[in-house]
Every structure is written in C-alpha cells, then in structure tokens.
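*Asks:* What follows is my_file.cif, mmCIF, C-alpha atoms, pLDDT in the B column; chains and numbers go by the auth columns.
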data_coords
#
loop_
_atom_site.group_PDB
_atom_site.id
_atom_site.type_symbol
_atom_site.label_atom_id
_atom_site.label_comp_id
_atom_site.label_asym_id
_atom_site.label_seq_id
_atom_site.Cartn_x
_atom_site.Cartn_y
_atom_site.Cartn_z
_atom_site.B_iso_or_equiv
_atom_site.auth_seq_id
_atom_site.auth_asym_id
ATOM 1 C CA MET A 1 119.971 172.866 -34.455 45.00 6 I
ATOM 2 C CA LEU A 2 120.410 169.270 -33.345 43.00 7 I
ATOM 3 C CA ARG A 3 124.095 168.579 -32.861 49.00 8 I
ATOM 4 C CA ALA A 4 125.814 165.306 -32.134 48.00 9 I
ATOM 5 C CA GLY A 5 128.119 164.966 -29.175 54.00 10 I
ATOM 6 C CA ARG A 6 129.904 162.345 -27.135 68.00 11 I
ATOM 7 C CA MET A 7 127.879 161.136 -24.174 70.00 12 I
ATOM 8 C CA GLY A 8 129.596 160.263 -20.937 73.00 13 I
ATOM 9 C CA SER A 9 128.303 157.367 -18.873 72.00 14 I
ATOM 10 C CA GLY A 10 126.959 159.779 -16.255 70.00 15 I
ATOM 11 C CA GLN A 11 125.048 161.723 -18.872 77.00 16 I
ATOM 12 C CA VAL A 12 123.609 158.547 -20.369 81.00 17 I
ATOM 13 C CA ARG A 13 122.516 157.396 -16.921 82.00 18 I
ATOM 14 C CA ALA A 14 121.003 160.819 -16.165 80.00 19 I
ATOM 15 C CA LEU A 15 118.978 160.748 -19.387 86.00 20 I
ATOM 16 C CA ARG A 16 117.725 157.270 -18.597 82.00 21 I
ATOM 17 C CA GLU A 17 116.944 157.768 -14.921 90.00 22 I
ATOM 18 C CA LEU A 18 116.230 161.478 -14.494 94.00 23 I
ATOM 19 C CA ALA A 19 114.584 162.532 -17.740 94.00 24 I
ATOM 20 C CA PRO A 20 111.186 161.091 -16.735 94.00 25 I
ATOM 21 C CA ARG A 21 111.208 163.401 -13.706 95.00 26 I
ATOM 22 C CA TYR A 22 112.680 166.585 -15.138 97.00 27 I
ATOM 23 C CA VAL A 23 112.221 166.591 -18.928 97.00 28 I
ATOM 24 C CA VAL A 24 108.877 167.942 -20.121 97.00 29 I
ATOM 25 C CA PRO A 25 107.723 166.293 -23.370 96.00 30 I
ATOM 26 C CA PHE A 26 107.137 168.637 -26.282 97.00 31 I
ATOM 27 C CA SER A 27 103.446 169.227 -26.839 93.00 32 I
ATOM 28 C CA GLY A 28 101.196 171.438 -28.881 89.00 33 I
ATOM 29 C CA ALA A 29 99.337 172.279 -25.674 93.00 34 I
ATOM 30 C CA PRO A 30 100.349 175.207 -23.433 94.00 35 I
ATOM 31 C CA PHE A 31 102.926 174.426 -20.755 97.00 36 I
ATOM 32 C CA ASP A 32 101.193 174.034 -17.385 97.00 37 I
ATOM 33 C CA ALA A 33 103.838 175.636 -15.182 97.00 38 I
ATOM 34 C CA PRO A 34 101.773 175.597 -11.943 97.00 39 I
ATOM 35 C CA GLY A 35 100.958 171.936 -12.519 97.00 40 I
ATOM 36 C CA VAL A 36 104.588 171.006 -13.203 97.00 41 I
ATOM 37 C CA PHE A 37 106.193 173.055 -10.426 98.00 42 I
ATOM 38 C CA GLY A 38 103.357 172.841 -7.924 98.00 43 I
ATOM 39 C CA ARG A 39 103.132 176.595 -7.446 98.00 44 I
ATOM 40 C CA ARG A 40 102.637 179.893 -9.238 97.00 45 I
ATOM 41 C CA ALA A 41 105.906 181.787 -9.736 97.00 46 I
ATOM 42 C CA PRO A 42 107.504 183.958 -12.444 98.00 47 I
ATOM 43 C CA LEU A 43 108.594 181.685 -15.290 98.00 48 I
ATOM 44 C CA VAL A 44 111.947 182.161 -17.025 98.00 49 I
ATOM 45 C CA VAL A 45 112.868 180.372 -20.265 98.00 50 I
ATOM 46 C CA GLU A 46 116.473 179.781 -21.282 98.00 51 I
ATOM 47 C CA ILE A 47 117.207 178.887 -24.901 98.00 52 I
ATOM 48 C CA GLY A 48 120.281 176.771 -25.612 96.00 53 I
ATOM 49 C CA PHE A 49 121.723 176.199 -22.138 95.00 54 I
ATOM 50 C CA GLY A 50 124.754 174.239 -23.330 92.00 55 I
ATOM 51 C CA MET A 51 126.066 172.100 -20.477 92.00 56 I
ATOM 52 C CA GLY A 52 123.793 173.866 -18.001 95.00 57 I
ATOM 53 C CA GLN A 53 126.342 175.334 -15.594 93.00 58 I
ATOM 54 C CA ALA A 54 124.933 178.869 -15.664 94.00 59 I
ATOM 55 C CA THR A 55 121.348 177.593 -15.821 97.00 60 I
ATOM 56 C CA ALA A 56 121.709 175.585 -12.639 97.00 61 I
ATOM 57 C CA ALA A 57 123.519 178.427 -10.865 96.00 62 I
ATOM 58 C CA ILE A 58 120.793 180.927 -11.711 97.00 63 I
ATOM 59 C CA ALA A 59 118.016 178.540 -10.699 98.00 64 I
ATOM 60 C CA ALA A 60 119.763 177.824 -7.397 97.00 65 I
ATOM 61 C CA ALA A 61 120.210 181.531 -6.671 96.00 66 I
ATOM 62 C CA ARG A 62 116.637 182.452 -7.633 97.00 67 I
ATOM 63 C CA ALA A 63 114.454 179.987 -5.814 96.00 68 I
ATOM 64 C CA ASP A 64 111.471 182.334 -6.171 97.00 69 I
ATOM 65 C CA ASN A 65 111.488 181.881 -9.979 98.00 70 I
ATOM 66 C CA ASP A 66 110.746 178.788 -12.036 98.00 71 I
ATOM 67 C CA PHE A 67 112.960 177.945 -15.015 98.00 72 I
ATOM 68 C CA LEU A 68 112.396 176.054 -18.249 98.00 73 I
ATOM 69 C CA GLY A 69 115.551 175.257 -20.212 98.00 74 I
ATOM 70 C CA ILE A 70 115.307 174.426 -23.916 98.00 75 I
ATOM 71 C CA GLU A 71 118.099 172.435 -25.546 97.00 76 I
ATOM 72 C CA VAL A 72 118.475 169.819 -28.297 94.00 77 I
ATOM 73 C CA HIS A 73 122.053 168.791 -27.493 91.00 78 I
ATOM 74 C CA GLU A 74 121.762 165.472 -25.612 92.00 79 I
ATOM 75 C CA PRO A 75 125.083 165.690 -23.723 93.00 80 I
ATOM 76 C CA GLY A 76 124.026 169.103 -22.428 94.00 81 I
ATOM 77 C CA VAL A 77 120.622 167.807 -21.371 95.00 82 I
ATOM 78 C CA GLY A 78 122.293 164.931 -19.559 95.00 83 I
ATOM 79 C CA ALA A 79 124.758 167.262 -17.856 94.00 84 I
ATOM 80 C CA LEU A 80 122.014 169.602 -16.642 96.00 85 I
ATOM 81 C CA LEU A 81 119.925 166.676 -15.406 97.00 86 I
ATOM 82 C CA ARG A 82 122.857 165.647 -13.233 95.00 87 I
ATOM 83 C CA ARG A 83 123.140 169.183 -11.850 96.00 88 I
ATOM 84 C CA ILE A 84 119.406 169.295 -11.112 97.00 89 I
ATOM 85 C CA ASP A 85 119.639 166.013 -9.210 95.00 90 I
ATOM 86 C CA GLU A 86 122.863 166.830 -7.359 96.00 91 I
ATOM 87 C CA GLN A 87 121.645 170.282 -6.287 97.00 92 I
ATOM 88 C CA GLN A 88 118.029 169.189 -5.736 97.00 93 I
ATOM 89 C CA LEU A 89 116.696 172.006 -7.908 98.00 94 I
ATOM 90 C CA THR A 90 112.925 171.802 -7.723 98.00 95 I
ATOM 91 C CA ASN A 91 112.404 174.957 -9.821 98.00 96 I
ATOM 92 C CA LEU A 92 114.048 173.782 -13.059 98.00 97 I
ATOM 93 C CA ARG A 93 112.728 171.654 -15.923 98.00 98 I
ATOM 94 C CA ILE A 94 113.948 170.898 -19.463 98.00 99 I
ATOM 95 C CA VAL A 95 112.336 170.608 -22.882 98.00 100 I
ATOM 96 C CA LYS A 96 114.455 168.746 -25.419 96.00 101 I
ATOM 97 C CA HIS A 97 113.088 170.218 -28.631 97.00 102 I
ATOM 98 C CA ASP A 98 113.431 173.057 -31.122 96.00 103 I
ATOM 99 C CA ALA A 99 113.159 176.350 -29.237 97.00 104 I
ATOM 100 C CA VAL A 100 111.041 178.181 -31.805 97.00 105 I
ATOM 101 C CA GLU A 101 108.464 175.392 -31.825 97.00 106 I
ATOM 102 C CA VAL A 102 108.399 175.296 -28.024 98.00 107 I
ATOM 103 C CA LEU A 103 107.843 179.042 -27.816 98.00 108 I
ATOM 104 C CA ARG A 104 105.222 178.971 -30.549 98.00 109 I
ATOM 105 C CA ASP A 105 103.243 175.961 -29.356 98.00 110 I
ATOM 106 C CA MET A 106 103.860 175.581 -25.604 98.00 111 I
ATOM 107 C CA ILE A 107 104.281 179.124 -24.264 98.00 112 I
ATOM 108 C CA ALA A 108 101.202 181.315 -24.133 97.00 113 I
ATOM 109 C CA PRO A 109 101.540 184.991 -25.083 97.00 114 I
ATOM 110 C CA SER A 110 102.433 187.501 -22.368 97.00 115 I
ATOM 111 C CA THR A 111 103.314 184.892 -19.738 97.00 116 I
ATOM 112 C CA LEU A 112 107.101 184.852 -19.333 98.00 117 I
ATOM 113 C CA ALA A 113 109.012 186.831 -16.742 98.00 118 I
ATOM 114 C CA ALA A 114 112.207 186.570 -18.770 98.00 119 I
ATOM 115 C CA VAL A 115 113.999 184.845 -21.631 98.00 120 I
ATOM 116 C CA HIS A 116 117.734 184.130 -21.466 98.00 121 I
ATOM 117 C CA VAL A 117 119.793 183.510 -24.600 97.00 122 I
ATOM 118 C CA PHE A 118 123.393 183.156 -23.474 95.00 123 I
ATOM 119 C CA PHE A 119 126.162 182.591 -26.029 93.00 124 I
ATOM 120 C CA PRO A 120 124.134 181.179 -28.905 93.00 125 I
ATOM 121 C CA ASP A 121 126.043 179.790 -31.878 91.00 126 I
ATOM 122 C CA PRO A 122 127.377 182.877 -33.735 89.00 127 I
ATOM 123 C CA TRP A 123 127.590 181.129 -37.116 81.00 128 I
ATOM 124 C CA PRO A 124 130.566 183.337 -38.042 83.00 129 I
ATOM 125 C CA LYS A 125 130.616 182.591 -41.774 86.00 130 I
ATOM 126 C CA LYS A 126 128.438 185.013 -43.713 83.00 131 I
ATOM 127 C CA ARG A 127 126.716 182.260 -45.669 88.00 132 I
ATOM 128 C CA HIS A 128 125.505 180.826 -42.343 88.00 133 I
ATOM 129 C CA TRP A 129 124.173 184.047 -40.819 83.00 134 I
ATOM 130 C CA LYS A 130 120.605 183.029 -41.689 90.00 135 I
ATOM 131 C CA ARG A 131 120.989 180.240 -39.106 90.00 136 I
ATOM 132 C CA ARG A 132 121.537 182.673 -36.244 95.00 137 I
ATOM 133 C CA LEU A 133 118.789 182.543 -33.641 95.00 138 I
ATOM 134 C CA ILE A 134 118.436 186.280 -33.055 97.00 139 I
ATOM 135 C CA GLN A 135 116.556 187.325 -36.190 97.00 140 I
ATOM 136 C CA PRO A 136 113.520 189.648 -36.468 98.00 141 I
ATOM 137 C CA PRO A 137 110.836 186.900 -36.645 97.00 142 I
ATOM 138 C CA VAL A 138 112.244 185.065 -33.616 98.00 143 I
ATOM 139 C CA VAL A 139 112.667 188.264 -31.622 98.00 144 I
ATOM 140 C CA ALA A 140 109.049 189.193 -32.398 98.00 145 I
ATOM 141 C CA LEU A 141 107.988 185.762 -31.108 98.00 146 I
ATOM 142 C CA LEU A 142 110.104 186.151 -27.974 98.00 147 I
ATOM 143 C CA ALA A 143 108.672 189.602 -27.294 98.00 148 I
ATOM 144 C CA SER A 144 105.126 188.306 -27.720 98.00 149 I
ATOM 145 C CA ARG A 145 105.716 185.629 -25.067 98.00 150 I
ATOM 146 C CA LEU A 146 107.088 188.059 -22.491 98.00 151 I
ATOM 147 C CA ALA A 147 104.741 189.596 -19.978 97.00 152 I
ATOM 148 C CA VAL A 148 104.702 193.378 -19.863 96.00 153 I
ATOM 149 C CA GLY A 149 107.921 194.373 -18.123 95.00 154 I
ATOM 150 C CA GLY A 150 109.448 190.966 -18.828 97.00 155 I
ATOM 151 C CA ARG A 151 113.111 190.792 -19.772 97.00 156 I
ATOM 152 C CA LEU A 152 114.976 189.462 -22.804 98.00 157 I
ATOM 153 C CA HIS A 153 118.647 189.017 -21.945 98.00 158 I
ATOM 154 C CA CYS A 154 121.126 187.945 -24.622 97.00 159 I
ATOM 155 C CA ALA A 155 124.886 187.579 -24.320 95.00 160 I
ATOM 156 C CA THR A 156 127.587 186.771 -26.856 93.00 161 I
ATOM 157 C CA ASP A 157 131.359 186.762 -27.124 91.00 162 I
ATOM 158 C CA TRP A 158 131.294 187.340 -30.882 91.00 163 I
ATOM 159 C CA GLN A 159 131.314 191.067 -31.653 93.00 164 I
ATOM 160 C CA PRO A 160 129.732 190.917 -35.137 94.00 165 I
ATOM 161 C CA TYR A 161 126.856 188.918 -33.688 95.00 166 I
ATOM 162 C CA ALA A 162 126.557 191.398 -30.810 96.00 167 I
ATOM 163 C CA GLU A 163 126.217 194.189 -33.344 97.00 168 I
ATOM 164 C CA GLN A 164 123.511 192.298 -35.221 96.00 169 I
ATOM 165 C CA MET A 165 121.704 191.495 -31.968 98.00 170 I
ATOM 166 C CA LEU A 166 121.697 195.139 -30.947 98.00 171 I
ATOM 167 C CA GLU A 167 120.303 196.177 -34.321 98.00 172 I
ATOM 168 C CA VAL A 168 117.576 193.523 -34.356 98.00 173 I
ATOM 169 C CA LEU A 169 116.519 193.950 -30.739 98.00 174 I
ATOM 170 C CA SER A 170 116.436 197.743 -31.041 98.00 175 I
ATOM 171 C CA ALA A 171 114.147 197.453 -34.066 98.00 176 I
ATOM 172 C CA GLU A 172 111.527 195.386 -32.218 98.00 177 I
ATOM 173 C CA PRO A 173 108.766 197.850 -31.195 97.00 178 I
ATOM 174 C CA LEU A 174 107.692 195.821 -28.156 97.00 179 I
ATOM 175 C CA LEU A 175 111.138 196.011 -26.568 98.00 180 I
ATOM 176 C CA ALA A 176 113.034 198.816 -24.853 97.00 181 I
ATOM 177 C CA ASN A 177 116.774 198.769 -24.210 98.00 182 I
ATOM 178 C CA THR A 178 117.659 199.025 -20.524 97.00 183 I
ATOM 179 C CA ALA A 179 121.049 200.511 -21.408 98.00 184 I
ATOM 180 C CA ASP A 180 122.561 202.954 -23.849 97.00 185 I
ATOM 181 C CA GLY A 181 123.719 200.234 -26.217 97.00 186 I
ATOM 182 C CA TYR A 182 125.256 197.211 -24.505 98.00 187 I
ATOM 183 C CA ALA A 183 124.509 196.513 -20.854 98.00 188 I
ATOM 184 C CA THR A 184 126.805 195.788 -17.950 96.00 189 I
ATOM 185 C CA ARG A 185 126.568 192.106 -17.092 94.00 190 I
ATOM 186 C CA PRO A 186 123.763 191.739 -14.524 94.00 191 I
ATOM 187 C CA ASP A 187 124.758 190.031 -11.299 93.00 192 I
ATOM 188 C CA TYR A 188 122.333 187.171 -11.899 94.00 193 I
ATOM 189 C CA ARG A 189 124.278 185.942 -14.952 95.00 194 I
ATOM 190 C CA PRO A 190 127.269 184.023 -13.581 93.00 195 I
ATOM 191 C CA LEU A 191 130.600 183.908 -15.351 88.00 196 I
ATOM 192 C CA THR A 192 131.316 180.488 -16.806 78.00 197 I
ATOM 193 C CA LYS A 193 134.797 178.987 -16.877 75.00 198 I
ATOM 194 C CA PHE A 194 134.876 179.437 -20.657 72.00 199 I
ATOM 195 C CA GLU A 195 133.906 183.100 -20.349 81.00 200 I
ATOM 196 C CA ASN A 196 136.534 183.667 -17.673 81.00 201 I
ATOM 197 C CA ARG A 197 139.105 182.036 -19.911 78.00 202 I
ATOM 198 C CA GLY A 198 138.106 184.274 -22.805 76.00 203 I
ATOM 199 C CA LEU A 199 138.208 187.403 -20.680 81.00 204 I
ATOM 200 C CA ALA A 200 141.682 186.462 -19.479 83.00 205 I
ATOM 201 C CA LEU A 201 142.751 186.278 -23.121 81.00 206 I
ATOM 202 C CA GLY A 202 141.295 189.704 -23.802 80.00 207 I
ATOM 203 C CA HIS A 203 138.153 188.551 -25.583 83.00 208 I
ATOM 204 C CA GLY A 204 135.072 190.730 -25.251 91.00 209 I
ATOM 205 C CA VAL A 205 131.628 189.748 -23.984 93.00 210 I
ATOM 206 C CA TRP A 206 128.515 191.746 -24.802 95.00 211 I
ATOM 207 C CA ASP A 207 125.268 191.652 -22.813 97.00 212 I
ATOM 208 C CA LEU A 208 122.045 192.989 -24.285 98.00 213 I
ATOM 209 C CA VAL A 209 119.169 193.510 -21.866 98.00 214 I
ATOM 210 C CA PHE A 210 115.783 194.586 -23.181 98.00 215 I
ATOM 211 C CA ASP A 211 112.459 194.844 -21.346 97.00 216 I
ATOM 212 C CA LYS A 212 108.988 194.563 -22.802 97.00 217 I
ATOM 213 C CA ARG A 213 107.401 197.977 -22.904 94.00 218 I
ATOM 214 C CA GLY A 214 104.839 198.829 -20.243 84.00 219 I
ATOM 215 C CA GLN A 215 104.658 198.839 -16.451 63.00 220 I
ATOM 216 C CA SER A 216 107.269 196.318 -15.385 55.00 221 I
ATOM 217 C CA LEU A 217 106.619 193.397 -13.075 54.00 222 I
ATOM 218 C CA ASP A 218 108.462 192.590 -9.866 53.00 223 I
ATOM 219 C CA LEU A 219 110.579 189.869 -11.467 52.00 224 I
ATOM 220 C CA ARG A 220 113.595 190.073 -9.157 49.00 225 I
ATOM 221 C CA TYR A 221 115.551 191.546 -12.062 50.00 226 I
ATOM 222 C CA GLY A 222 115.500 195.155 -10.952 42.00 227 I
ATOM 223 C CA SER A 223 113.300 197.933 -9.687 39.00 228 I
ATOM 224 C CA SER A 224 109.842 198.454 -11.139 39.00 229 I
ATOM 225 C CA LYS A 225 109.579 201.196 -13.739 43.00 230 I
ATOM 226 C CA SER A 226 107.595 202.253 -16.761 41.00 231 I
ATOM 227 C CA ARG A 227 108.909 202.245 -20.323 45.00 232 I
#
I need this file expressed as structure tokens, please.

*Replies:*
Amino acid sequence: MLRAGRMGSGQVRALRELAPRYVVPFSGAPFDAPGVFGRRAPLVVEIGFGMGQATAAIAAARADNDFLGIEVHEPGVGALLRRIDEQQLTNLRIVKHDAVEVLRDMIAPSTLAAVHVFFPDPWPKKRHWKRRLIQPPVVALLASRLAVGGRLHCATDWQPYAEQMLEVLSAEPLLANTADGYATRPDYRPLTKFENRGLALGHGVWDLVFDKRGQSLDLRYGSSKSR
C-alpha cells in the first residue's frame, strides 16, 4: 500500500538525480534483466524493502546476483537510491509500484532465483488481516515466478503473522519447507538495527524459507538438492 512519509532533503535529491539511473519504470512488458544489468545473473526480487538497509547489504555481499527491489514508499526509495550511489551497487535496481502488479506483468514465470519478503506490515488488527501480503493467491503468484529450486524467504517479528505465513506457505503445492517449521536466520539476511533492538527487548523474529520443488539451482543460497 502507498504510504505517506516525510522526505529528507537527501532523499528528495536522490529521487530527482538518481531515479533516472536506478528506478525501472513499471511496464506491462517483461523486465529485461540482462539489458538493464548488462549481464546474465540469478535475479532476486525483494518486496517492500523499507529504507533499504538490508537490501543494500545483501546486494553488496552477493555481487554475483542481481536484485530488483519493489517499494511504493517514496522516502524508502530515496534512501535506497542514496545507498546504491554511495556504495556503487551496479547489481541493484528499484521499481516503485505495486508488487503484485510488478510480479504479474513484469516478471516472467519460472525466472527468479529468489524472492525476499522481510518484515512486511503485519496488519495486527483482525479486520485488517485481508491486507496482509502473504495470502494464498499472492503466494501462488510468487511460486509461479520462481525458477525450480528458487527460494522464497519471508521474515516477521509478529508471531501471529508468522503462524499465518507458515500455514499459507506450507499449503502451496509448489513450495517445500527447508526447515521443520521456522528456519534459522540464513547468514545472507543481515540483522537491522530495529531487529537488534527488538531482540534485545526479548521480541521474537521468525524466518520462513521455502524452495520451489524440483532440482535446485546453484543460487548461492545453499547446496544443490532435490525436493
């Protein structure tokens, strides 16, 4: 959902000066990753990257992957643009648009190495649960866009949402859980300052890591195996 937020001068300047270089316009045509990045590499999509701290860290650590971040929150887009420029991240681009429409219209089936959904809005009030991102139709769409062996990695600090995620993801026939329930946080997902603060206060964090069934790809996420 599009949310308002206060824009700092640096974020405004980043949107004005850097967006033409790093923001991919929404289109009904498939995303041309080799044309945009100038190479062929495993493509990872992140939905709702917030202020982009973890996104930039992962992209910097995994130079052999290309990353497409999807976000509608302008301050977050501006913040990530600044990180891209400061760190000279050539393997990261942004789409500022609704994630479901991007996945449906710009991402071809069976093409993604991974999808990251880290700390999506939990919509804690029951009357708002229908707004949660991780619902059966969206998970089916996500699974259809993953290549065989591709990974869907979700994380949340809201236990009721974690329980719903586990139920919905486990029910998707194209996906297989990599753990017996919740997963240990993979090394590639960095701890944010907010997560560290929550952990210090005793708050829980739940990672859910599912792979698309079939012979897995070498995606730098773990050893190859069949499911």

*Asks:* Suppose a student applies the PyMOL selection byres ((chain I and resi 214-220) around 9) to this structure; what residues should they get, written as a PyMOL selection string?

*Replies:* chain I and resi 119+148-149+151-160+174-175+178-184+187-191+212-213+221-222+229-232

*Asks:* Find the residue from I:Val50, I:Met56, I:Val100, I:Ala68 that sits nearest to Gln16 in chain I; use all atoms listed in the file when measuring.

*Replies:*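 Residue with the minimum atom-to-atom distance to Gln16 in chain I: I:Met56.
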
*Asks:* Neighbours of Ala19 in chain I within 7 Å (all atoms listed in the file; same-chain residues fewer than 6 positions away dropped), as a PyMOL selection string?

*Replies:* chain I and resi 83+86-87

*Asks:* So how many Å separate CA of Met170 in chain I and CA of Gly53 in chain I, to one decimal?

*Replies:* 16.1 Å

*Asks:* Could you please determine the separation between CA of Glu91 in chain I and CA of Gly40 in chain I in Å, to one decimal place?

*Replies:* 23.1 Å

*Asks:* Any chance you could work out the residue set of the PyMOL selection byres ((chain I and resi 173) around 10) here, as a list of chain:residue names?

*Replies:*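 This file, filtered by the PyMOL selection byres ((chain I and resi 173) around 10), leaves I:Ile139, I:Gln140, I:Pro141, I:Pro142, I:Val144, I:Ala145, I:Ala167, I:Glu168, I:Gln169, I:Met170, I:Leu171, I:Glu172, I:Leu174, I:Ser175, I:Ala176, I:Glu177.
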
*Asks:* Go through the shown structure with the PyMOL selection byres ((chain I and resi 35) around 9) and write out the matching residues as a JSON list (two decimals) with C-alpha atoms, in the coordinates of the input.

*Replies:*
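That gives us part.json:
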[["chain", "number", "residue", "atom", "x", "y", "z"],
["I", 32, "SER", "CA", 103.45, 169.23, -26.84],
["I", 33, "GLY", "CA", 101.20, 171.44, -28.88],
["I", 34, "ALA", "CA", 99.34, 172.28, -25.67],
["I", 36, "PHE", "CA", 102.93, 174.43, -20.76],
["I", 37, "ASP", "CA", 101.19, 174.03, -17.39],
["I", 38, "ALA", "CA", 103.84, 175.64, -15.18],
["I", 110, "ASP", "CA", 103.24, 175.96, -29.36],
["I", 111, "MET", "CA", 103.86, 175.58, -25.60],
["I", 112, "ILE", "CA", 104.28, 179.12, -24.26],
["I", 113, "ALA", "CA", 101.20, 181.32, -24.13]]

*Asks:* If you measure from CA of Glu76 in chain I to CA of Phe54 in chain I, what distance in Å do you get, rounded to one decimal?

*Replies:*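 About the pair CA of Glu76 in chain I and CA of Phe54 in chain I: they are 6.2 Å apart.
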
*Asks:* With a distance cut-off of 10 Å and all atoms listed in the file, select the neighbouring residues of Met12 in chain I, excluding the residue or stretch itself and same-chain residues fewer than 4 positions from it, and output the selection as a ChimeraX atom specification.

*Replies:* /I:16-18,79-81,83-84

*Asks:* Output as lines of an AutoDock Vina configuration file the centre and edge lengths (Å, one decimal) of the box along x, y and z of the file that holds every listed atom of range 66-75 of chain I after adding 5 Å on each side.

*Replies:*
center_x = 115.5
center_y = 178.4
center_z = -14.9
size_x = 19.5
size_y = 18.0
size_z = 28.1

*Asks:* Could I get range 87-107 of chain I rebuilt with N, CA and C atoms, written as a PDB file, in the frame of the given file?

*Replies:*
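Result file follows (part26.pdb):
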ATOM      1  N   ARG I  87     122.007 166.007 -14.368  1.00 95.00           N
ATOM      2  CA  ARG I  87     122.857 165.647 -13.233  1.00 95.00           C
ATOM      3  C   ARG I  87     122.946 166.794 -12.234  1.00 95.00           C
ATOM      4  N   ARG I  88     123.073 168.020 -12.751  1.00 96.00           N
ATOM      5  CA  ARG I  88     123.140 169.183 -11.850  1.00 96.00           C
ATOM      6  C   ARG I  88     121.826 169.350 -11.086  1.00 96.00           C
ATOM      7  N   ILE I  89     120.710 169.176 -11.777  1.00 97.00           N
ATOM      8  CA  ILE I  89     119.406 169.295 -11.112  1.00 97.00           C
ATOM      9  C   ILE I  89     119.318 168.294  -9.962  1.00 97.00           C
ATOM     10  N   ASP I  90     119.734 167.065 -10.228  1.00 95.00           N
ATOM     11  CA  ASP I  90     119.639 166.013  -9.210  1.00 95.00           C
ATOM     12  C   ASP I  90     120.614 166.271  -8.067  1.00 95.00           C
ATOM     13  N   GLU I  91     121.847 166.617  -8.394  1.00 96.00           N
ATOM     14  CA  GLU I  91     122.863 166.830  -7.359  1.00 96.00           C
ATOM     15  C   GLU I  91     122.516 168.012  -6.461  1.00 96.00           C
ATOM     16  N   GLN I  92     121.962 169.077  -7.048  1.00 97.00           N
ATOM     17  CA  GLN I  92     121.645 170.282  -6.287  1.00 97.00           C
ATOM     18  C   GLN I  92     120.200 170.321  -5.804  1.00 97.00           C
ATOM     19  N   GLN I  93     119.438 169.274  -6.154  1.00 97.00           N
ATOM     20  CA  GLN I  93     118.029 169.189  -5.736  1.00 97.00           C
ATOM     21  C   GLN I  93     117.263 170.458  -6.122  1.00 97.00           C
ATOM     22  N   LEU I  94     117.347 170.799  -7.399  1.00 98.00           N
ATOM     23  CA  LEU I  94     116.696 172.006  -7.908  1.00 98.00           C
ATOM     24  C   LEU I  94     115.256 171.684  -8.290  1.00 98.00           C
ATOM     25  N   THR I  95     114.337 172.095  -7.470  1.00 98.00           N
ATOM     26  CA  THR I  95     112.925 171.802  -7.723  1.00 98.00           C
ATOM     27  C   THR I  95     112.274 172.807  -8.669  1.00 98.00           C
ATOM     28  N   ASN I  96     112.986 173.883  -9.005  1.00 98.00           N
ATOM     29  CA  ASN I  96     112.404 174.957  -9.821  1.00 98.00           C
ATOM     30  C   ASN I  96     112.953 174.972 -11.243  1.00 98.00           C
ATOM     31  N   LEU I  97     113.440 173.837 -11.732  1.00 98.00           N
ATOM     32  CA  LEU I  97     114.048 173.782 -13.059  1.00 98.00           C
ATOM     33  C   LEU I  97     113.590 172.539 -13.805  1.00 98.00           C
ATOM     34  N   ARG I  98     113.110 172.751 -15.039  1.00 98.00           N
ATOM     35  CA  ARG I  98     112.728 171.654 -15.923  1.00 98.00           C
ATOM     36  C   ARG I  98     113.338 171.896 -17.300  1.00 98.00           C
ATOM     37  N   ILE I  99     113.309 170.867 -18.146  1.00 98.00           N
ATOM     38  CA  ILE I  99     113.948 170.898 -19.463  1.00 98.00           C
ATOM     39  C   ILE I  99     112.947 170.462 -20.523  1.00 98.00           C
ATOM     40  N   VAL I 100     113.010 171.104 -21.690  1.00 98.00           N
ATOM     41  CA  VAL I 100     112.336 170.608 -22.882  1.00 98.00           C
ATOM     42  C   VAL I 100     113.414 170.342 -23.926  1.00 98.00           C
ATOM     43  N   LYS I 101     113.469 169.119 -24.413  1.00 96.00           N
ATOM     44  CA  LYS I 101     114.455 168.746 -25.419  1.00 96.00           C
ATOM     45  C   LYS I 101     113.780 168.819 -26.791  1.00 96.00           C
ATOM     46  N   HIS I 102     113.794 170.010 -27.363  1.00 97.00           N
ATOM     47  CA  HIS I 102     113.088 170.218 -28.631  1.00 97.00           C
ATOM     48  C   HIS I 102     113.528 171.557 -29.212  1.00 97.00           C
ATOM     49  N   ASP I 103     113.139 171.798 -30.447  1.00 96.00           N
ATOM     50  CA  ASP I 103     113.431 173.057 -31.122  1.00 96.00           C
ATOM     51  C   ASP I 103     112.813 174.227 -30.366  1.00 96.00           C
ATOM     52  N   ALA I 104     113.609 175.249 -30.087  1.00 97.00           N
ATOM     53  CA  ALA I 104     113.159 176.350 -29.237  1.00 97.00           C
ATOM     54  C   ALA I 104     112.019 177.142 -29.866  1.00 97.00           C
ATOM     55  N   VAL I 105     112.090 177.390 -31.157  1.00 97.00           N
ATOM     56  CA  VAL I 105     111.041 178.181 -31.805  1.00 97.00           C
ATOM     57  C   VAL I 105     109.707 177.459 -31.710  1.00 97.00           C
ATOM     58  N   GLU I 106     109.707 176.147 -31.912  1.00 97.00           N
ATOM     59  CA  GLU I 106     108.464 175.392 -31.825  1.00 97.00           C
ATOM     60  C   GLU I 106     107.938 175.365 -30.394  1.00 97.00           C
ATOM     61  N   VAL I 107     108.832 175.264 -29.422  1.00 98.00           N
ATOM     62  CA  VAL I 107     108.399 175.296 -28.024  1.00 98.00           C
ATOM     63  C   VAL I 107     107.745 176.636 -27.700  1.00 98.00           C
TER      64      VAL I 107
END
